[in-house]
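S.K.: Starting off with a structure, shown below.
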Amino acid sequence: DYMDAFRPALEAGKDIICITMTRTLTASLESAVTAKSMLEEEFPHAQIHVINSWVATGAQALLLMEMARMQKNGKSLNEVITYAEKAREDARIHFMVGDLSYLEIGGRIGKVATISAGLLKIKPIIILKGGEISAGGICRARKKGLTQIASITAKHFKETGENPAHYIAMPGTNTIWDDMDSFYALLQETVPGMEFLPPFQIGATISTHTGPGTTGFCFVK
């Protein structure tokens with residue numbers, strides 16, 4: 001699939017930057033690197049660069065948007081690559097899993113954890129940064145979970161001293177849109193100055209593992 005995606009650009013005489021989902025969640029990076037190696041034999045003068053985004057879904061999209069904006073503004077291939085490799089260090093996703101049973105089916109957690117969380121009606125808050133997943137907390141109600149995501153975000157900027165105005169961001173959800181306007185407003189109030197894009201639809205690749213109701217916040221420097 002990567003070869004099919006790369007070849008038309010190479011045939012048109014273009015160079016390629018491919019930014020993949022973090023390798024801790026998928027083998028996409030390895031697949032892209034294999035396609036690169038095979039096509040370099042066919043197109044020896046082309047430049048094909050494969051970058052691990054260290055994130056996924058909305059944060060990966062934000063990185064790509066910024067890279068495209070740089071290209072449009074006349075930045076060089078190397079300048080865009082340098083940006084992506086630096087910006088991924090600060091890119092983060094704070095999100096609430098919709099249904100742990102999907103993570104169990106996908107082999108991400110065990111049955112005991114799923115049953116325990118189900119009995120307690122727990123929704124975990126998860127942080128994805130630097131290609132690694134870590135626990136951000138737990139909640140028992142969706143509204144509290146969304147508030148907690150905002151609190152984790154505020155804490156991050158307070159602890160790091162980073163300026164939210166240096167970031168582009170957007171919230172996302174897969175199936176529940178009724179509370180997205182209020183969530184959007186809460187985030188804007190929590191981290192004023194950020195460049196906010198409209199809420200986005202979390203795709204099937206992520207939702208297959210995280211279940212209905214998954215909602216989060218992505219931001220990239």
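Starting from 1 in every chain, residues are counted up; chains themselves are A, B, ... following the order of the structure tokens, and ligands are numbered from 1 as listed.
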Extract, using only C-alpha atoms, all DNA, RNA and protein residues at most 12 Å from His156 (chain A), discarding same-chain residues fewer than 4 positions from it, and format them as a list in words.

M.R.: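 My list of contacting residues is Asp90, Ala91, Arg92, Ile93, His94, Ile127, Lys129, Gly136, Ile149, Ala150, Ser151, Ile152, Thr160, Gly161, Glu162, Asn163, Pro164, Thr190, Val191 and Phe219 of chain A.
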
S.K.: Which residue is closest to Thr208 (chain A)? Choose from A:Ala59, A:Cys139, A:Leu186, A:Leu103 and count only C-alpha atoms.

M.R.: A:Leu103

S.K.: So, with only C-alpha atoms as the atoms that count, which of A:Met21, A:Met70, A:Met180, A:Ala84 lies closest to Val55 (chain A)?

M.R.: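 Between A:Met21, A:Met70, A:Met180, A:Ala84, the residue approaching Val55 (chain A) most closely is A:Met21.
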
S.K.: Write down as an MDAnalysis selection string the residues belonging to region 184-221 of chain A that are assigned helix (DSSP H, G or I) by DSSP computed on the backbone.

M.R.: chainID A and resid 184:190 204:210

S.K.: Include all heavy atoms and write out the residues we just selected as a short mmCIF file (atom, residue, chain, number, x, y, z; two decimals), in the first residue's frame.

M.R.:
```
data_model
loop_
_atom_site.label_atom_id
_atom_site.label_comp_id
_atom_site.auth_asym_id
_atom_site.auth_seq_id
_atom_site.Cartn_x
_atom_site.Cartn_y
_atom_site.Cartn_z
N TYR A 184 -15.07 22.01 23.88
CA TYR A 184 -14.26 22.94 23.09
C TYR A 184 -14.09 24.26 23.85
O TYR A 184 -12.97 24.80 23.96
CB TYR A 184 -14.96 23.18 21.76
CG TYR A 184 -14.13 23.85 20.69
CD1 TYR A 184 -13.31 23.11 19.85
CD2 TYR A 184 -14.19 25.23 20.50
CE1 TYR A 184 -12.56 23.72 18.84
CE2 TYR A 184 -13.44 25.85 19.50
CZ TYR A 184 -12.64 25.09 18.69
OH TYR A 184 -11.90 25.69 17.70
N ALA A 185 -15.19 24.78 24.39
CA ALA A 185 -15.15 26.04 25.13
C ALA A 185 -14.31 25.91 26.40
O ALA A 185 -13.55 26.82 26.76
CB ALA A 185 -16.57 26.48 25.48
N LEU A 186 -14.43 24.77 27.08
CA LEU A 186 -13.65 24.53 28.29
C LEU A 186 -12.15 24.54 27.99
O LEU A 186 -11.36 25.14 28.73
CB LEU A 186 -14.05 23.19 28.91
CG LEU A 186 -13.22 22.70 30.11
CD1 LEU A 186 -13.33 23.67 31.27
CD2 LEU A 186 -13.66 21.29 30.51
N LEU A 187 -11.76 23.89 26.90
CA LEU A 187 -10.34 23.85 26.53
C LEU A 187 -9.82 25.24 26.17
O LEU A 187 -8.70 25.60 26.55
CB LEU A 187 -10.15 22.89 25.36
CG LEU A 187 -10.37 21.41 25.66
CD1 LEU A 187 -10.44 20.61 24.36
CD2 LEU A 187 -9.26 20.86 26.54
N GLN A 188 -10.63 26.01 25.44
CA GLN A 188 -10.21 27.36 25.07
C GLN A 188 -10.01 28.23 26.31
O GLN A 188 -9.11 29.07 26.35
CB GLN A 188 -11.24 27.99 24.14
CG GLN A 188 -11.24 27.40 22.73
CD GLN A 188 -12.27 28.05 21.84
OE1 GLN A 188 -13.45 28.12 22.18
NE2 GLN A 188 -11.83 28.54 20.69
N GLU A 189 -10.85 28.01 27.31
CA GLU A 189 -10.73 28.76 28.56
C GLU A 189 -9.52 28.29 29.36
O GLU A 189 -8.83 29.08 30.01
CB GLU A 189 -12.00 28.56 29.39
CG GLU A 189 -12.01 29.32 30.71
CD GLU A 189 -13.28 29.06 31.50
OE1 GLU A 189 -14.28 28.63 30.91
OE2 GLU A 189 -13.26 29.28 32.73
N THR A 190 -9.23 26.98 29.30
CA THR A 190 -8.15 26.39 30.08
C THR A 190 -6.78 26.78 29.55
O THR A 190 -5.85 27.05 30.33
CB THR A 190 -8.27 24.85 30.07
OG1 THR A 190 -9.54 24.48 30.62
CG2 THR A 190 -7.16 24.21 30.90
N ALA A 204 -11.54 5.16 12.25
CA ALA A 204 -11.81 3.76 12.60
C ALA A 204 -10.59 3.02 13.12
O ALA A 204 -10.71 2.13 13.96
CB ALA A 204 -12.36 3.03 11.38
N THR A 205 -9.39 3.39 12.64
CA THR A 205 -8.18 2.69 13.07
C THR A 205 -8.01 2.78 14.58
O THR A 205 -7.75 1.78 15.26
CB THR A 205 -6.95 3.26 12.37
OG1 THR A 205 -7.11 3.13 10.96
CG2 THR A 205 -5.69 2.53 12.79
N ILE A 206 -8.16 3.98 15.13
CA ILE A 206 -8.05 4.17 16.58
C ILE A 206 -9.29 3.66 17.29
O ILE A 206 -9.21 2.96 18.31
CB ILE A 206 -7.84 5.66 16.91
CG1 ILE A 206 -6.52 6.17 16.31
CG2 ILE A 206 -7.86 5.90 18.42
CD1 ILE A 206 -5.28 5.50 16.86
N SER A 207 -10.47 3.97 16.76
CA SER A 207 -11.72 3.63 17.43
C SER A 207 -11.93 2.13 17.57
O SER A 207 -12.59 1.68 18.51
CB SER A 207 -12.90 4.24 16.66
OG SER A 207 -12.81 5.65 16.62
N THR A 208 -11.38 1.35 16.64
CA THR A 208 -11.47 -0.10 16.73
C THR A 208 -10.91 -0.60 18.05
O THR A 208 -11.39 -1.58 18.61
CB THR A 208 -10.71 -0.75 15.56
OG1 THR A 208 -11.35 -0.38 14.34
CG2 THR A 208 -10.69 -2.26 15.66
N HIS A 209 -9.87 0.08 18.55
CA HIS A 209 -9.23 -0.35 19.79
C HIS A 209 -9.78 0.35 21.03
O HIS A 209 -9.75 -0.22 22.12
CB HIS A 209 -7.72 -0.09 19.71
CG HIS A 209 -7.03 -0.93 18.68
ND1 HIS A 209 -6.74 -2.26 18.87
CD2 HIS A 209 -6.60 -0.64 17.43
CE1 HIS A 209 -6.15 -2.75 17.80
NE2 HIS A 209 -6.06 -1.79 16.90
N THR A 210 -10.26 1.57 20.88
CA THR A 210 -10.66 2.35 22.06
C THR A 210 -12.16 2.38 22.30
O THR A 210 -12.60 2.75 23.38
CB THR A 210 -10.15 3.80 21.93
OG1 THR A 210 -10.70 4.39 20.73
CG2 THR A 210 -8.64 3.84 21.85
#
```

S.K.: Pick out the residues sitting within 10 Å of region 141-145 of chain A, and hand them over as a VMD selection string; count only C-alpha atoms, and ignore anything fewer than 2 positions along from it in its own chain.

M.R.: chain A and resid 95 to 98 121 to 125 137 to 139 147 to 151 179 182 to 183 213 to 216

S.K.: Can you tell me which residues surround region 39-54 of chain A at a distance of at most 6 Å, considering only C-alpha atoms, apart from same-chain residues fewer than 5 positions away, and format the answer as an NGL selection string?

M.R.: :A and (15-22 or 88 or 130-131)

S.K.: Residues as selected, N, CA and C atoms, written as a CSV table (one decimal), in the first residue's frame, can you do that?

M.R.:
```
chain,number,residue,atom,x,y,z
A,15,ASP,N,9.9,14.5,-4.4
A,15,ASP,CA,10.4,13.8,-3.2
A,15,ASP,C,9.3,13.6,-2.2
A,16,ILE,N,9.5,12.8,-1.2
A,16,ILE,CA,8.5,12.3,-0.3
A,16,ILE,C,8.9,12.5,1.2
A,17,ILE,N,8.0,13.0,2.0
A,17,ILE,CA,8.1,12.9,3.4
A,17,ILE,C,6.8,12.1,3.9
A,18,CYS,N,7.0,11.0,4.5
A,18,CYS,CA,5.9,10.2,5.0
A,18,CYS,C,6.0,10.2,6.5
A,19,ILE,N,4.9,10.6,7.2
A,19,ILE,CA,4.9,10.6,8.6
A,19,ILE,C,3.9,9.6,9.1
A,20,THR,N,4.3,8.7,9.9
A,20,THR,CA,3.5,7.5,10.3
A,20,THR,C,3.0,7.6,11.7
A,21,MET,N,2.0,6.8,12.1
A,21,MET,CA,1.6,6.7,13.4
A,21,MET,C,2.8,6.1,14.3
A,22,THR,N,2.8,6.4,15.6
A,22,THR,CA,3.9,5.9,16.4
A,22,THR,C,4.1,4.4,16.3
A,88,ARG,N,7.5,16.8,17.2
A,88,ARG,CA,6.9,15.5,17.8
A,88,ARG,C,7.3,15.3,19.3
A,130,GLY,N,5.7,11.3,23.2
A,130,GLY,CA,7.0,10.7,22.9
A,130,GLY,C,6.9,9.2,22.4
A,131,GLY,N,5.8,8.9,21.9
A,131,GLY,CA,5.6,7.5,21.4
A,131,GLY,C,5.2,6.5,22.5
```

S.K.: Given the choices A:Ile176, A:Met170, A:Ser134, A:Phe196, which gets closest to Gln60 (chain A) if the distance is worked out from only C-alpha atoms?

M.R.: A:Met170

S.K.: Run DSSP on the backbone and tell me which residues of region 60-209 of chain A come out as strand (DSSP E or B); list them as a PyMOL selection string.

M.R.: chain A and resi 92-96+123-129+132-139+168-173+195-196+200-201

S.K.: For the selection just defined, write its residues with C-alpha atoms to a file, as a short mmCIF file (atom, residue, chain, number, x, y, z; two decimals), in the first residue's frame.

M.R.:
```
data_model
loop_
_atom_site.label_atom_id
_atom_site.label_comp_id
_atom_site.auth_asym_id
_atom_site.auth_seq_id
_atom_site.Cartn_x
_atom_site.Cartn_y
_atom_site.Cartn_z
CA ARG A 92 0.62 15.23 22.97
CA ILE A 93 -2.80 13.59 23.07
CA HIS A 94 -4.88 13.54 26.26
CA PHE A 95 -7.88 11.28 25.81
CA MET A 96 -10.58 9.24 27.50
CA LYS A 123 -13.05 5.33 32.27
CA PRO A 124 -9.26 5.71 32.08
CA ILE A 125 -7.63 8.97 31.00
CA ILE A 126 -4.60 8.28 28.82
CA ILE A 127 -1.65 10.42 27.73
CA LEU A 128 0.23 9.72 24.51
CA LYS A 129 3.57 11.53 24.25
CA GLU A 132 4.64 6.15 24.80
CA ILE A 133 1.29 5.70 26.55
CA SER A 134 0.93 6.62 30.21
CA ALA A 135 -1.93 6.87 32.69
CA GLY A 136 -3.41 10.30 33.22
CA GLY A 137 -6.06 9.28 35.74
CA ILE A 138 -9.46 7.64 35.98
CA CYS A 139 -13.04 8.86 36.15
CA ILE A 168 -2.03 24.47 17.35
CA ALA A 169 -4.72 22.17 18.73
CA MET A 170 -8.04 20.45 18.26
CA PRO A 171 -10.34 18.17 20.25
CA GLY A 172 -11.77 15.03 18.73
CA THR A 173 -14.36 12.32 19.32
CA GLU A 195 -4.70 28.23 17.78
CA PHE A 196 -7.77 25.99 17.81
CA PHE A 200 -12.34 16.33 14.31
CA GLN A 201 -13.71 12.83 13.81
#
```

S.K.: Looking at only C-alpha atoms, which of A:Ala9, A:Pro212, A:Thr57, A:Lys14 is the one that sits closest to Leu77 (chain A)?

M.R.: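 Of A:Ala9, A:Pro212, A:Thr57, A:Lys14, the one nearest Leu77 (chain A) is A:Lys14, counting only C-alpha atoms.
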
S.K.: Within 8 Å of Ala165 (chain A), counting only C-alpha atoms, which residues qualify if same-chain residues fewer than 6 places away don't, as a PDB file with N, CA, C and O atoms, in the first residue's frame?

M.R.:
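part.pdb, freshly written:
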```pdb
ATOM      1  N   PRO A 192      -5.774  29.467  27.093  1.00  0.00           N
ATOM      2  CA  PRO A 192      -6.030  30.595  26.202  1.00  0.00           C
ATOM      3  C   PRO A 192      -4.808  30.912  25.345  1.00  0.00           C
ATOM      4  O   PRO A 192      -3.667  30.738  25.762  1.00  0.00           O
ATOM      5  N   GLY A 193      -5.097  31.344  24.133  1.00  0.00           N
ATOM      6  CA  GLY A 193      -4.016  31.728  23.231  1.00  0.00           C
ATOM      7  C   GLY A 193      -3.671  30.678  22.204  1.00  0.00           C
ATOM      8  O   GLY A 193      -3.009  30.964  21.207  1.00  0.00           O
ATOM      9  N   MET A 194      -4.086  29.440  22.442  1.00  0.00           N
ATOM     10  CA  MET A 194      -3.826  28.381  21.466  1.00  0.00           C
ATOM     11  C   MET A 194      -4.579  28.645  20.167  1.00  0.00           C
ATOM     12  O   MET A 194      -5.670  29.215  20.177  1.00  0.00           O
ATOM     13  N   GLU A 195      -3.997  28.193  19.067  1.00  0.00           N
ATOM     14  CA  GLU A 195      -4.698  28.233  17.780  1.00  0.00           C
ATOM     15  C   GLU A 195      -5.551  26.971  17.678  1.00  0.00           C
ATOM     16  O   GLU A 195      -5.022  25.876  17.518  1.00  0.00           O
TER      17      GLU A 195
END
```

S.K.: Which is closest to Ala32 (chain A) among A:Pro199, A:Arg7, A:Asp1, A:Ala56, if we use only C-alpha atoms?

M.R.: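 Result for the nearest residue to Ala32 (chain A): A:Asp1.
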
S.K.: With only C-alpha atoms as the basis for distance, which of A:Asp99, A:Trp177, A:Gly13, A:Leu197 is at the shortest distance from Gly211 (chain A)?

M.R.: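 So, comparing all the options, the nearest one is A:Asp99.
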
S.K.: Quote the spacing between CA of Thr153 (chain A) and CA of Phe217 (chain A) in Å to one decimal place.

M.R.: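 Between these atoms lies a distance of 8.6 Å.
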
S.K.: Could you jot down the CA of Glu79 (chain A) to CA of Met67 (chain A) separation for me, Å, one decimal place?

M.R.: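 Pair CA of Glu79 (chain A) / CA of Met67 (chain A) returns 9.3 Å.
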